[in-house]
Amino acid sequence: MQVLGIDIGGTGIKGAPVDVATGQLVTDRKKILTPHPATPDAVTAVVKELAGQFDWTGPIGATFPGVVTDGTVRTAANVDKSWIDHDAADSFGKAIGAEVTVVNDADAAGIAEMTFGAGKDERGTALMLTFGTGVGSALFTGGILVPNTEFGHIEIRGKDAEKRASEHAKETHEWGWKDWTQRVEEYMQRMEALLAPDLIIVGGGISKESEKWVPRIKGVRARIVPAVMHNDAGIAGAAMAVTGSATAK
């Protein structure tokens with residue numbers, strides 16, 4: 001079964017058809033920059049354009065960078081606040097002319113990694129952390145997802161953790177790998193104190209350079225591994241959400 005997966009981020013909106021049985025992208029992904037301001041109308045127009053580039057008529061899954069319940073957005077930290085309480089699934093569906101399933105972006109990435117990637121054989125507690133415009137999180141226990149955790153917004157030193165540990169923060173403050181990794185390590189230590197994960201999977205675009213920073217993290221007991229699917233995990237997980245996947249196979 002093939003499903004079009006669309007991954008909406010604070011910087012870019014990307015998508016591709018996905019073979020949900022393997023998690024593999026069927027074609028090269030396409031990307032359009034996230035509009036600013038990222039209002040519901042503006043983002044919906046981009047989602048419609050992206051779907052049109054594939055001439056897609058089948059099922060569609062989409063992610064959103066915030067809490068999503070039954071297709072409705074509940075939080076919007078890195079996009080326009082007018083998204084709050086907006087029915088994203090309904091807007092996307094009407095614009096494209098197809099049914100669209102919408103889920104939290106980190107949850108989608110976590111589902112893909114736990115099914116096909118770095119967490120495939122993990123049956124303990126696994127925590128997926130995505131470092132990008134913000135910090136996304138997905139928590140699994142026994143392979144089952146605990147949805148919409150949003151641990152990037154816990155407070156560290158008086159600020160949202162993602163203001164210190166995201167890739168965006170690294171670029172904004174021009175931190176080198178050492179300085180940024182110290183902040184990531186402090187964040188992971190807090191997560192470990194709260195959740196005691198057996199495994200931490202690090203994702204987002206910066207996971208492609210994991211060799212530059214993961215080995216620097218010494219004060220965390222959990223195994224830390226880079227995401228296998230990198231930035232394709234969100235696309236794959238969005239597609240898998242259409243089939244109701246919430247467990248690691």
# chains A, B, ... in the order shown; residues from 1 in each chain; ligands from 1

call {"tool": "residues_around", "arguments": {"residues": "stretch 182-195 of chain A", "least_positions_apart": "5", "cutoff": "6 Å", "atoms": "only C-alpha atoms", "output": "PyMOL selection string"}}
result
chain A and resi 165+217+220

call {"tool": "select_by_dssp", "arguments": {"residues": "stretch 130-217 of chain A", "states": "strand (DSSP E)", "output": "PyMOL selection string"}}
result
chain A and resi 130-131+135-141+144-146+155-156+159-160+199-203

call {"tool": "residues_around", "arguments": {"residues": "A:Ala126", "least_positions_apart": "3", "cutoff": "7 Å", "atoms": "only C-alpha atoms", "output": "list in words"}}
result
Leu139, Phe140, Thr141, Pro197, Asp198, Leu199 and Ile200 of chain A

call {"tool": "write_last_selection", "arguments": {"atoms": "all heavy atoms", "output": "mmCIF file, in the first residue's frame"}}
result
data_model
loop_
_atom_site.group_PDB
_atom_site.id
_atom_site.type_symbol
_atom_site.label_atom_id
_atom_site.label_comp_id
_atom_site.auth_asym_id
_atom_site.auth_seq_id
_atom_site.Cartn_x
_atom_site.Cartn_y
_atom_site.Cartn_z
ATOM 1 N N LEU A 139 7.545 9.327 22.840
ATOM 2 C CA LEU A 139 7.847 8.363 23.897
ATOM 3 C C LEU A 139 7.156 7.033 23.614
ATOM 4 O O LEU A 139 5.964 7.002 23.310
ATOM 5 C CB LEU A 139 7.382 8.917 25.243
ATOM 6 C CG LEU A 139 7.620 8.039 26.474
ATOM 7 C CD1 LEU A 139 9.108 7.862 26.739
ATOM 8 C CD2 LEU A 139 6.933 8.658 27.698
ATOM 9 N N PHE A 140 7.926 5.951 23.732
ATOM 10 C CA PHE A 140 7.393 4.608 23.503
ATOM 11 C C PHE A 140 7.731 3.715 24.690
ATOM 12 O O PHE A 140 8.843 3.771 25.218
ATOM 13 C CB PHE A 140 8.003 3.982 22.247
ATOM 14 C CG PHE A 140 7.652 4.692 20.974
ATOM 15 C CD1 PHE A 140 8.338 5.836 20.595
ATOM 16 C CD2 PHE A 140 6.628 4.228 20.167
ATOM 17 C CE1 PHE A 140 8.013 6.507 19.417
ATOM 18 C CE2 PHE A 140 6.296 4.893 18.998
ATOM 19 C CZ PHE A 140 6.988 6.033 18.618
ATOM 20 N N THR A 141 6.789 2.896 25.084
ATOM 21 C CA THR A 141 7.053 1.887 26.099
ATOM 22 C C THR A 141 6.477 0.570 25.611
ATOM 23 O O THR A 141 5.313 0.503 25.210
ATOM 24 C CB THR A 141 6.453 2.280 27.468
ATOM 25 O OG1 THR A 141 6.708 1.237 28.412
ATOM 26 C CG2 THR A 141 4.969 2.533 27.398
ATOM 27 N N PRO A 197 14.751 6.460 30.167
ATOM 28 C CA PRO A 197 14.653 5.659 28.944
ATOM 29 C C PRO A 197 15.834 4.701 28.803
ATOM 30 O O PRO A 197 16.940 4.986 29.265
ATOM 31 C CB PRO A 197 14.674 6.710 27.834
ATOM 32 C CG PRO A 197 15.451 7.852 28.426
ATOM 33 C CD PRO A 197 15.066 7.874 29.877
ATOM 34 N N ASP A 198 15.578 3.573 28.173
ATOM 35 C CA ASP A 198 16.656 2.651 27.839
ATOM 36 C C ASP A 198 17.396 3.118 26.592
ATOM 37 O O ASP A 198 18.589 2.867 26.432
ATOM 38 C CB ASP A 198 16.079 1.249 27.580
ATOM 39 C CG ASP A 198 15.351 0.705 28.796
ATOM 40 O OD1 ASP A 198 16.039 0.361 29.776
ATOM 41 O OD2 ASP A 198 14.110 0.645 28.772
ATOM 42 N N LEU A 199 16.664 3.785 25.706
ATOM 43 C CA LEU A 199 17.205 4.201 24.415
ATOM 44 C C LEU A 199 16.739 5.607 24.087
ATOM 45 O O LEU A 199 15.570 5.939 24.283
ATOM 46 C CB LEU A 199 16.726 3.235 23.316
ATOM 47 C CG LEU A 199 17.105 3.567 21.878
ATOM 48 C CD1 LEU A 199 18.598 3.370 21.658
ATOM 49 C CD2 LEU A 199 16.309 2.705 20.893
ATOM 50 N N ILE A 200 17.660 6.438 23.594
ATOM 51 C CA ILE A 200 17.316 7.762 23.071
ATOM 52 C C ILE A 200 17.724 7.789 21.610
ATOM 53 O O ILE A 200 18.892 7.575 21.274
ATOM 54 C CB ILE A 200 18.013 8.897 23.844
ATOM 55 C CG1 ILE A 200 17.565 8.919 25.306
ATOM 56 C CG2 ILE A 200 17.719 10.247 23.186
ATOM 57 C CD1 ILE A 200 18.295 9.942 26.164
#

call {"tool": "residues_around", "arguments": {"residues": "stretch 15-27 of chain A", "least_positions_apart": "4", "cutoff": "12 Å", "atoms": "only C-alpha atoms", "output": "PyMOL selection string"}}
result
chain A and resi 1-9+31-33+46-63+108-109+111-117+228-229+231-245+249

call {"tool": "select_by_dssp", "arguments": {"residues": "stretch 73-205 of chain A", "states": "alpha helix (DSSP H)", "output": "JSON, numbers by chain"}}
result
{"A": [88, 89, 90, 91, 92, 93, 94, 95, 96, 105, 106, 107, 108, 109, 110, 111, 112, 113, 114, 115, 116, 162, 163, 164, 165, 167, 168, 169, 170, 171, 172, 173, 177, 178, 179, 180, 181, 182, 183, 184, 185, 186, 187, 188, 189, 190, 191, 192, 193, 194, 195]}

call {"tool": "write_last_selection", "arguments": {"atoms": "N, CA and C atoms", "output": "compact mmCIF listing (two decimals), in the first residue's frame"}}
result
# COMPACT_ATOMS: atom_id res chain seq x y z
N ALA A 88 -7.02 20.86 11.25
CA ALA A 88 -6.08 20.76 10.13
C ALA A 88 -6.50 19.67 9.15
N ALA A 89 -6.97 18.55 9.67
CA ALA A 89 -7.37 17.44 8.80
C ALA A 89 -8.50 17.87 7.86
N ASP A 90 -9.44 18.64 8.39
CA ASP A 90 -10.56 19.11 7.58
C ASP A 90 -10.09 20.10 6.52
N SER A 91 -9.22 21.04 6.91
CA SER A 91 -8.72 22.05 5.96
C SER A 91 -7.94 21.40 4.83
N PHE A 92 -7.01 20.51 5.20
CA PHE A 92 -6.20 19.85 4.17
C PHE A 92 -7.07 18.99 3.27
N GLY A 93 -8.00 18.26 3.88
CA GLY A 93 -8.86 17.37 3.11
C GLY A 93 -9.70 18.12 2.09
N LYS A 94 -10.29 19.23 2.50
CA LYS A 94 -11.13 20.02 1.59
C LYS A 94 -10.29 20.64 0.48
N ALA A 95 -9.07 21.09 0.80
CA ALA A 95 -8.22 21.72 -0.21
C ALA A 95 -7.75 20.72 -1.26
N ILE A 96 -7.42 19.51 -0.82
CA ILE A 96 -6.88 18.50 -1.73
C ILE A 96 -7.99 17.67 -2.38
N ASP A 105 4.27 15.77 14.59
CA ASP A 105 5.42 15.46 13.73
C ASP A 105 6.45 14.54 14.38
N ALA A 106 6.77 14.76 15.64
CA ALA A 106 7.75 13.89 16.31
C ALA A 106 7.18 12.50 16.53
N ASP A 107 5.86 12.41 16.81
CA ASP A 107 5.23 11.10 16.94
C ASP A 107 5.37 10.31 15.65
N ALA A 108 5.16 11.00 14.52
CA ALA A 108 5.27 10.34 13.22
C ALA A 108 6.69 9.83 12.99
N ALA A 109 7.68 10.68 13.27
CA ALA A 109 9.07 10.27 13.09
C ALA A 109 9.40 9.09 14.00
N GLY A 110 8.88 9.14 15.23
CA GLY A 110 9.13 8.05 16.17
C GLY A 110 8.52 6.74 15.72
N ILE A 111 7.30 6.79 15.19
CA ILE A 111 6.64 5.58 14.69
C ILE A 111 7.48 4.93 13.60
N ALA A 112 7.99 5.76 12.68
CA ALA A 112 8.81 5.22 11.59
C ALA A 112 10.10 4.60 12.12
N GLU A 113 10.77 5.29 13.04
CA GLU A 113 12.04 4.79 13.56
C GLU A 113 11.85 3.54 14.42
N MET A 114 10.76 3.48 15.16
CA MET A 114 10.52 2.30 16.00
C MET A 114 10.09 1.09 15.17
N THR A 115 9.53 1.34 14.00
CA THR A 115 9.07 0.24 13.16
C THR A 115 10.16 -0.25 12.21
N PHE A 116 10.87 0.70 11.60
CA PHE A 116 11.84 0.33 10.56
C PHE A 116 13.27 0.78 10.84
N GLU A 162 13.80 23.83 24.11
CA GLU A 162 14.15 23.95 22.69
C GLU A 162 14.82 25.29 22.36
N LYS A 163 14.68 26.29 23.24
CA LYS A 163 15.36 27.56 23.01
C LYS A 163 16.86 27.44 23.23
N ARG A 164 17.26 26.33 23.87
CA ARG A 164 18.68 26.10 24.15
C ARG A 164 19.24 24.90 23.38
N ALA A 165 18.38 23.93 23.08
CA ALA A 165 18.89 22.67 22.55
C ALA A 165 18.54 22.39 21.09
N GLU A 167 18.37 22.74 16.90
CA GLU A 167 19.33 23.11 15.85
C GLU A 167 19.20 24.60 15.53
N HIS A 168 17.97 25.10 15.56
CA HIS A 168 17.73 26.52 15.30
C HIS A 168 18.47 27.39 16.33
N ALA A 169 18.45 26.99 17.59
CA ALA A 169 19.16 27.74 18.63
C ALA A 169 20.66 27.72 18.38
N LYS A 170 21.18 26.58 17.95
CA LYS A 170 22.61 26.47 17.64
C LYS A 170 23.00 27.46 16.56
N GLU A 171 22.17 27.52 15.52
CA GLU A 171 22.47 28.42 14.40
C GLU A 171 22.29 29.88 14.80
N THR A 172 21.23 30.17 15.54
CA THR A 172 20.94 31.55 15.94
C THR A 172 22.05 32.12 16.82
N HIS A 173 22.52 31.33 17.77
CA HIS A 173 23.54 31.80 18.71
C HIS A 173 24.96 31.52 18.22
N TRP A 177 30.03 23.02 18.13
CA TRP A 177 29.52 21.71 18.54
C TRP A 177 29.66 21.50 20.05
N LYS A 178 30.76 21.93 20.63
CA LYS A 178 30.98 21.73 22.07
C LYS A 178 29.94 22.45 22.90
N ASP A 179 29.75 23.74 22.61
CA ASP A 179 28.82 24.55 23.42
C ASP A 179 27.39 24.06 23.26
N TRP A 180 27.01 23.74 22.03
CA TRP A 180 25.64 23.27 21.81
C TRP A 180 25.41 21.90 22.45
N THR A 181 26.38 21.02 22.30
CA THR A 181 26.22 19.66 22.85
C THR A 181 26.09 19.69 24.36
N GLN A 182 26.76 20.62 25.03
CA GLN A 182 26.62 20.74 26.48
C GLN A 182 25.17 21.03 26.86
N ARG A 183 24.50 21.85 26.05
CA ARG A 183 23.10 22.17 26.31
C ARG A 183 22.19 20.98 26.00
N VAL A 184 22.52 20.26 24.95
CA VAL A 184 21.76 19.06 24.62
C VAL A 184 21.92 18.01 25.72
N GLU A 185 23.14 17.87 26.22
CA GLU A 185 23.39 16.89 27.28
C GLU A 185 22.60 17.25 28.54
N GLU A 186 22.56 18.52 28.90
CA GLU A 186 21.80 18.94 30.07
C GLU A 186 20.32 18.62 29.89
N TYR A 187 19.83 18.84 28.67
CA TYR A 187 18.43 18.53 28.37
C TYR A 187 18.17 17.03 28.48
N MET A 188 19.07 16.22 27.92
CA MET A 188 18.90 14.77 27.99
C MET A 188 18.98 14.26 29.42
N GLN A 189 19.82 14.85 30.23
CA GLN A 189 19.92 14.46 31.63
C GLN A 189 18.60 14.71 32.35
N ARG A 190 17.94 15.81 32.03
CA ARG A 190 16.63 16.10 32.62
C ARG A 190 15.60 15.07 32.16
N MET A 191 15.64 14.73 30.88
CA MET A 191 14.72 13.72 30.36
C MET A 191 14.97 12.36 31.02
N GLU A 192 16.23 12.04 31.22
CA GLU A 192 16.57 10.78 31.85
C GLU A 192 16.09 10.74 33.30
N ALA A 193 16.21 11.86 33.99
CA ALA A 193 15.75 11.91 35.38
C ALA A 193 14.23 11.72 35.48
N LEU A 194 13.51 12.17 34.45
CA LEU A 194 12.05 12.08 34.47
C LEU A 194 11.53 10.74 33.95
N LEU A 195 12.22 10.17 32.95
CA LEU A 195 11.65 9.03 32.22
C LEU A 195 12.48 7.76 32.26

call {"tool": "residues_around", "arguments": {"residues": "A:Asp80", "least_positions_apart": "3", "cutoff": "8 Å", "atoms": "only C-alpha atoms", "output": "tab-separated table (two decimals) with C-alpha atoms, in the first residue's frame"}}
result
chain	number	residue	atom	x	y	z
A	37	PRO	CA	3.53	33.79	8.69
A	38	ALA	CA	2.61	30.11	8.76
A	39	THR	CA	-1.15	30.65	9.00
A	40	PRO	CA	-3.68	27.87	8.33
A	76	ALA	CA	1.47	25.92	17.84
A	77	ALA	CA	4.89	26.85	19.20
A	83	TRP	CA	-3.60	27.20	14.27

call {"tool": "atom_distance", "arguments": {"atom1": "atom CA of A:Lys159", "atom2": "atom CA of A:Gly12"}}
result
24.8 Å

call {"tool": "residues_around", "arguments": {"residues": "A:Phe151", "least_positions_apart": "3", "cutoff": "10 Å", "atoms": "only C-alpha atoms", "output": "list in words"}}
result
Leu129, Val135, Gly136, Ser137, Ala138, Leu139, Asn148, Ile154, Glu155, Asp160, Ala161, Glu162, Tyr187 and Met191 of chain A

call {"tool": "write_last_selection", "arguments": {"atoms": "all heavy atoms", "output": "mmCIF file, in the first residue's frame"}}
result
data_model
loop_
_atom_site.group_PDB
_atom_site.id
_atom_site.type_symbol
_atom_site.label_atom_id
_atom_site.label_comp_id
_atom_site.auth_asym_id
_atom_site.auth_seq_id
_atom_site.Cartn_x
_atom_site.Cartn_y
_atom_site.Cartn_z
ATOM 1 N N LEU A 129 13.944 12.025 20.037
ATOM 2 C CA LEU A 129 14.068 13.479 20.135
ATOM 3 C C LEU A 129 14.489 14.021 18.774
ATOM 4 O O LEU A 129 15.486 13.563 18.201
ATOM 5 C CB LEU A 129 15.114 13.872 21.183
ATOM 6 C CG LEU A 129 14.808 13.465 22.627
ATOM 7 C CD1 LEU A 129 16.004 13.751 23.523
ATOM 8 C CD2 LEU A 129 13.569 14.198 23.147
ATOM 9 N N VAL A 135 12.409 21.353 19.369
ATOM 10 C CA VAL A 135 12.775 20.001 19.785
ATOM 11 C C VAL A 135 11.481 19.209 19.948
ATOM 12 O O VAL A 135 10.631 19.559 20.774
ATOM 13 C CB VAL A 135 13.562 19.997 21.114
ATOM 14 C CG1 VAL A 135 13.799 18.559 21.585
ATOM 15 C CG2 VAL A 135 14.898 20.713 20.950
ATOM 16 N N GLY A 136 11.336 18.182 19.131
ATOM 17 C CA GLY A 136 10.160 17.321 19.222
ATOM 18 C C GLY A 136 10.483 16.072 20.014
ATOM 19 O O GLY A 136 11.647 15.683 20.141
ATOM 20 N N SER A 137 9.453 15.424 20.542
ATOM 21 C CA SER A 137 9.679 14.214 21.328
ATOM 22 C C SER A 137 8.593 13.191 21.043
ATOM 23 O O SER A 137 7.453 13.541 20.738
ATOM 24 C CB SER A 137 9.695 14.541 22.828
ATOM 25 O OG SER A 137 8.435 15.051 23.246
ATOM 26 N N ALA A 138 8.975 11.919 21.118
ATOM 27 C CA ALA A 138 8.018 10.819 21.006
ATOM 28 C C ALA A 138 8.455 9.739 21.983
ATOM 29 O O ALA A 138 9.608 9.306 21.962
ATOM 30 C CB ALA A 138 7.976 10.271 19.588
ATOM 31 N N LEU A 139 7.545 9.327 22.840
ATOM 32 C CA LEU A 139 7.847 8.363 23.897
ATOM 33 C C LEU A 139 7.156 7.033 23.614
ATOM 34 O O LEU A 139 5.964 7.002 23.310
ATOM 35 C CB LEU A 139 7.382 8.917 25.243
ATOM 36 C CG LEU A 139 7.620 8.039 26.474
ATOM 37 C CD1 LEU A 139 9.108 7.862 26.739
ATOM 38 C CD2 LEU A 139 6.933 8.658 27.698
ATOM 39 N N ASN A 148 1.788 12.895 21.720
ATOM 40 C CA ASN A 148 1.755 14.334 22.019
ATOM 41 C C ASN A 148 2.494 14.731 23.296
ATOM 42 O O ASN A 148 2.003 15.551 24.089
ATOM 43 C CB ASN A 148 0.294 14.806 22.104
ATOM 44 C CG ASN A 148 -0.403 14.823 20.761
ATOM 45 O OD1 ASN A 148 0.131 15.322 19.772
ATOM 46 N ND2 ASN A 148 -1.600 14.266 20.712
ATOM 47 N N ILE A 154 9.757 21.570 28.140
ATOM 48 C CA ILE A 154 10.049 21.611 29.570
ATOM 49 C C ILE A 154 10.995 22.779 29.842
ATOM 50 O O ILE A 154 11.734 23.210 28.954
ATOM 51 C CB ILE A 154 10.664 20.288 30.079
ATOM 52 C CG1 ILE A 154 12.066 20.076 29.506
ATOM 53 C CG2 ILE A 154 9.771 19.117 29.780
ATOM 54 C CD1 ILE A 154 12.847 19.031 30.253
ATOM 55 N N GLU A 155 10.973 23.276 31.060
ATOM 56 C CA GLU A 155 11.767 24.463 31.380
ATOM 57 C C GLU A 155 13.145 24.073 31.899
ATOM 58 O O GLU A 155 13.281 23.255 32.812
ATOM 59 C CB GLU A 155 11.035 25.300 32.428
ATOM 60 C CG GLU A 155 11.727 26.621 32.739
ATOM 61 C CD GLU A 155 10.946 27.471 33.726
ATOM 62 O OE1 GLU A 155 9.765 27.755 33.446
ATOM 63 O OE2 GLU A 155 11.520 27.812 34.790
ATOM 64 N N ASP A 160 12.199 27.527 27.681
ATOM 65 C CA ASP A 160 11.843 26.281 27.012
ATOM 66 C C ASP A 160 13.130 25.575 26.606
ATOM 67 O O ASP A 160 14.057 26.214 26.079
ATOM 68 C CB ASP A 160 11.035 26.574 25.739
ATOM 69 C CG ASP A 160 9.538 26.469 25.973
ATOM 70 O OD1 ASP A 160 9.137 26.494 27.145
ATOM 71 O OD2 ASP A 160 8.790 26.366 24.990
ATOM 72 N N ALA A 161 13.185 24.272 26.806
ATOM 73 C CA ALA A 161 14.391 23.519 26.468
ATOM 74 C C ALA A 161 14.797 23.736 25.015
ATOM 75 O O ALA A 161 15.988 23.825 24.692
ATOM 76 C CB ALA A 161 14.174 22.033 26.735
ATOM 77 N N GLU A 162 13.804 23.829 24.107
ATOM 78 C CA GLU A 162 14.147 23.954 22.695
ATOM 79 C C GLU A 162 14.820 25.287 22.361
ATOM 80 O O GLU A 162 15.478 25.409 21.324
ATOM 81 C CB GLU A 162 12.925 23.746 21.816
ATOM 82 C CG GLU A 162 11.866 24.802 21.907
ATOM 83 C CD GLU A 162 10.711 24.543 20.944
ATOM 84 O OE1 GLU A 162 10.493 23.375 20.546
ATOM 85 O OE2 GLU A 162 10.032 25.513 20.589
ATOM 86 N N TYR A 187 19.830 18.842 28.673
ATOM 87 C CA TYR A 187 18.428 18.528 28.373
ATOM 88 C C TYR A 187 18.171 17.030 28.479
ATOM 89 O O TYR A 187 17.191 16.595 29.095
ATOM 90 C CB TYR A 187 18.090 19.034 26.969
ATOM 91 C CG TYR A 187 16.762 18.554 26.452
ATOM 92 C CD1 TYR A 187 15.582 18.856 27.117
ATOM 93 C CD2 TYR A 187 16.691 17.788 25.285
ATOM 94 C CE1 TYR A 187 14.359 18.412 26.639
ATOM 95 C CE2 TYR A 187 15.474 17.347 24.803
ATOM 96 C CZ TYR A 187 14.314 17.662 25.480
ATOM 97 O OH TYR A 187 13.104 17.214 25.009
ATOM 98 N N MET A 191 15.639 14.733 30.877
ATOM 99 C CA MET A 191 14.717 13.720 30.356
ATOM 100 C C MET A 191 14.966 12.363 31.020
ATOM 101 O O MET A 191 14.033 11.640 31.351
ATOM 102 C CB MET A 191 14.882 13.593 28.839
ATOM 103 C CG MET A 191 14.342 14.755 28.038
ATOM 104 S SD MET A 191 12.535 14.868 28.109
ATOM 105 C CE MET A 191 12.317 15.910 29.525
#

call {"tool": "residues_around", "arguments": {"residues": "A:Val214", "least_positions_apart": "6", "cutoff": "9 Å", "atoms": "only C-alpha atoms", "output": "NGL selection string"}}
result
:A and (181 or 202 or 207 or 224-226)

call {"tool": "closest_residue", "arguments": {"among": "A:Val67, A:Val73, A:Ile144, A:Val79", "to": "A:Thr34", "atoms": "only C-alpha atoms"}}
result
A:Val79

call {"tool": "atom_distance", "arguments": {"atom1": "atom CA of A:Ile13", "atom2": "atom CA of A:Val68"}}
result
17.1 Å

call {"tool": "closest_residue", "arguments": {"among": "A:Glu99, A:Gly219, A:Pro65, A:His153", "to": "A:Ile84", "atoms": "only C-alpha atoms"}}
result
A:Pro65
